[in-house]
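Asker: First the structure, then my questions, so here it is.
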Amino acid sequence: MVTFYDSIGDVTWPDVGNGYFLDPAGDVLLRLQEHDAVAVGADQKVAIGSNGGGLSYVVGPDGSVHRTQTASLDEPEPDKVANDLRQFLELLERSLTRFVADGESGSLYVDDNSAMPGECSGRG
């Protein structure tokens, strides 16, 4: 996360799919200070962003990135999107590349047939 915030800072892509938003470090830290980590699924996770549809992206203690299934952070188990932040950013990059090429962003879903080495499969 430190490398991401040192290099990029935040992501604001409102026109790609429903939109992708990764919050600036100051917003993440303020939310963490005011509300602590959130209990999403079995672990405490830190909310780092959202999509334009109201779903949140959260990072678990192992670095994996998950997306909530609803607009609420109070749900039993979010969907795993990526094994780590780097993989998540690669999925975002592919979504942006697809959007620029043909206007379709797809989703951050990785299935068994299109997964790159090391990617998780399943709904994400």
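The chains in the structure tokens are called A, B, ... from first to last as shown; in each chain the residues are counted from 1, and the ligands are counted from 1 in the order shown.
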List the neighbours of A:Ser50 out to 9 Å using only C-alpha atoms; skip same-chain residues closer than 5 positions along the sequence, and give me the result as a list of chain:residue names.
Answerer: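 The neighbour list is A:Gly19, A:Tyr20, A:Phe21, A:Leu22, A:Asp23, A:Leu55, A:Ser56, A:Tyr57, A:Val58, A:Arg67.
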Asker: Residues near A:Asp74, anyone? I mean within 12 Å using only C-alpha atoms, not counting same-chain ones fewer than 2 positions away, as an MDAnalysis selection string.
Answerer: chainID A and resid 38:45 55:56 68:72 76:78
Asker: Please produce an output containing N, CA and C atoms for each residue in the selection, written as a tab-separated table (two decimals), in the first residue's frame.
Answerer:
```tsv
chain	number	residue	atom	x	y	z
A	38	VAL	N	-12.79	-2.39	9.52
A	38	VAL	CA	-14.17	-2.88	9.54
A	38	VAL	C	-14.16	-4.40	9.52
A	39	ALA	N	-15.10	-4.99	10.21
A	39	ALA	CA	-15.25	-6.44	10.20
A	39	ALA	C	-16.07	-6.82	8.98
A	40	VAL	N	-15.39	-7.22	7.92
A	40	VAL	CA	-16.06	-7.66	6.71
A	40	VAL	C	-15.66	-9.11	6.52
A	41	GLY	N	-16.64	-9.99	6.55
A	41	GLY	CA	-16.32	-11.41	6.49
A	41	GLY	C	-15.69	-11.85	7.80
A	42	ALA	N	-14.75	-12.75	7.73
A	42	ALA	CA	-14.16	-13.33	8.93
A	42	ALA	C	-13.07	-12.46	9.55
A	43	ASP	N	-12.53	-11.50	8.80
A	43	ASP	CA	-11.39	-10.71	9.26
A	43	ASP	C	-11.70	-9.22	9.30
A	44	GLN	N	-10.84	-8.50	9.98
A	44	GLN	CA	-10.87	-7.04	9.92
A	44	GLN	C	-10.24	-6.61	8.60
A	45	LYS	N	-10.85	-5.67	7.94
A	45	LYS	CA	-10.33	-5.21	6.65
A	45	LYS	C	-10.37	-3.69	6.62
A	55	LEU	N	-20.45	-0.54	-4.27
A	55	LEU	CA	-19.73	-1.64	-3.64
A	55	LEU	C	-18.35	-1.15	-3.20
A	56	SER	N	-17.88	-1.65	-2.08
A	56	SER	CA	-16.59	-1.21	-1.54
A	56	SER	C	-15.49	-2.23	-1.81
A	68	THR	N	-17.22	-5.92	-1.62
A	68	THR	CA	-18.48	-6.27	-0.95
A	68	THR	C	-19.52	-6.65	-1.99
A	69	GLN	N	-20.49	-7.44	-1.58
A	69	GLN	CA	-21.56	-7.86	-2.48
A	69	GLN	C	-22.73	-6.88	-2.48
A	70	THR	N	-22.77	-6.03	-1.46
A	70	THR	CA	-23.80	-5.01	-1.35
A	70	THR	C	-23.13	-3.70	-0.94
A	71	ALA	N	-23.89	-2.64	-0.86
A	71	ALA	CA	-23.34	-1.35	-0.46
A	71	ALA	C	-22.96	-1.29	1.01
A	72	SER	N	-23.34	-2.28	1.76
A	72	SER	CA	-23.04	-2.32	3.19
A	72	SER	C	-21.73	-3.06	3.45
A	76	PRO	N	-21.60	-10.98	5.47
A	76	PRO	CA	-20.86	-12.13	5.96
A	76	PRO	C	-19.55	-12.40	5.21
A	77	GLU	N	-19.53	-12.30	3.92
A	77	GLU	CA	-18.33	-12.67	3.18
A	77	GLU	C	-18.25	-11.91	1.85
A	78	PRO	N	-17.28	-11.02	1.72
A	78	PRO	CA	-17.12	-10.31	0.45
A	78	PRO	C	-16.45	-11.23	-0.58
```
Asker: Near A:Gly17, within 12 Å and counting only C-alpha atoms, which residues show up once chain neighbours fewer than 4 positions away are dropped, as a PDB file with C-alpha atoms, in the first residue's frame?
Answerer:
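Generated file (selection_31.pdb):
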```pdb
ATOM      1  CA  TRP A  13     -12.167   6.578 -13.173  1.00  0.00           C
ATOM      2  CA  PHE A  21     -12.300   4.745  -7.171  1.00  0.00           C
ATOM      3  CA  ASN A  51     -17.032   1.317  -7.607  1.00  0.00           C
ATOM      4  CA  GLY A  52     -19.724   3.615  -8.926  1.00  0.00           C
ATOM      5  CA  GLY A  53     -22.365   1.062  -7.978  1.00  0.00           C
ATOM      6  CA  LEU A  92      -7.940  -2.418 -13.065  1.00  0.00           C
ATOM      7  CA  SER A  95     -10.341  -3.066 -17.404  1.00  0.00           C
ATOM      8  CA  LEU A  96      -9.127   0.382 -18.494  1.00  0.00           C
ATOM      9  CA  THR A  97      -7.322  -1.060 -21.536  1.00  0.00           C
ATOM     10  CA  ARG A  98     -10.487  -2.914 -22.587  1.00  0.00           C
ATOM     11  CA  PHE A  99     -12.532   0.256 -22.095  1.00  0.00           C
ATOM     12  CA  VAL A 100     -10.167   2.342 -24.258  1.00  0.00           C
ATOM     13  CA  ASP A 102     -13.803  -1.077 -27.327  1.00  0.00           C
ATOM     14  CA  GLY A 103     -15.775   0.950 -24.779  1.00  0.00           C
ATOM     15  CA  GLU A 104     -16.471  -2.127 -22.648  1.00  0.00           C
ATOM     16  CA  SER A 105     -14.767  -2.342 -19.290  1.00  0.00           C
ATOM     17  CA  GLY A 106     -16.060  -5.733 -18.306  1.00  0.00           C
ATOM     18  CA  SER A 107     -15.706  -6.386 -14.613  1.00  0.00           C
ATOM     19  CA  LEU A 108     -12.953  -7.378 -12.250  1.00  0.00           C
TER      20      LEU A 108
END
```
Asker: Determine which residues of chain A DSSP labels as strand (DSSP E or B) from the backbone of this structure, then write them out as an NGL selection string.
Answerer: :A and (11-13 or 20-22 or 38-40 or 43-51 or 56-59 or 65-67 or 79-82 or 110 or 122)
Asker: With only C-alpha atoms as the basis for distance, which of A:Ile8, A:Ala101, A:Val81, A:Met1 is at the shortest distance from A:Val46?
Answerer: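 For A:Val46, the nearest of the candidates is A:Met1.
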Asker: For atom CA of A:Glu93 and atom CA of A:Gly49, determine how far apart the two atoms are, in Å to one decimal place.
Answerer: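 Between atom CA of A:Glu93 and atom CA of A:Gly49 the gap works out to 15.6 Å.
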Asker: Taking the backbone alone, and naming residues the way the document does, which bits of chain A are helix (DSSP H, G or I) by DSSP, as a ChimeraX atom specification?
Answerer: /A:2-7,25-35,85-102
Asker: State, in Å with one decimal place, the distance from atom CA of A:Asp62 to atom CA of A:Asn83.
Answerer: 8.5 Å
Asker: A:Tyr5, A:Gly54, A:Ala82, A:Asp27: which is nearest A:His66, counting only C-alpha atoms?
Answerer: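 Among the listed residues, the smallest separation from A:His66 belongs to A:Ala82.
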Asker: Quick one: of A:Ile48, A:Pro14, A:Gly9, A:Leu73, who's nearest to A:Val28, counting only C-alpha atoms?
Answerer: A:Ile48
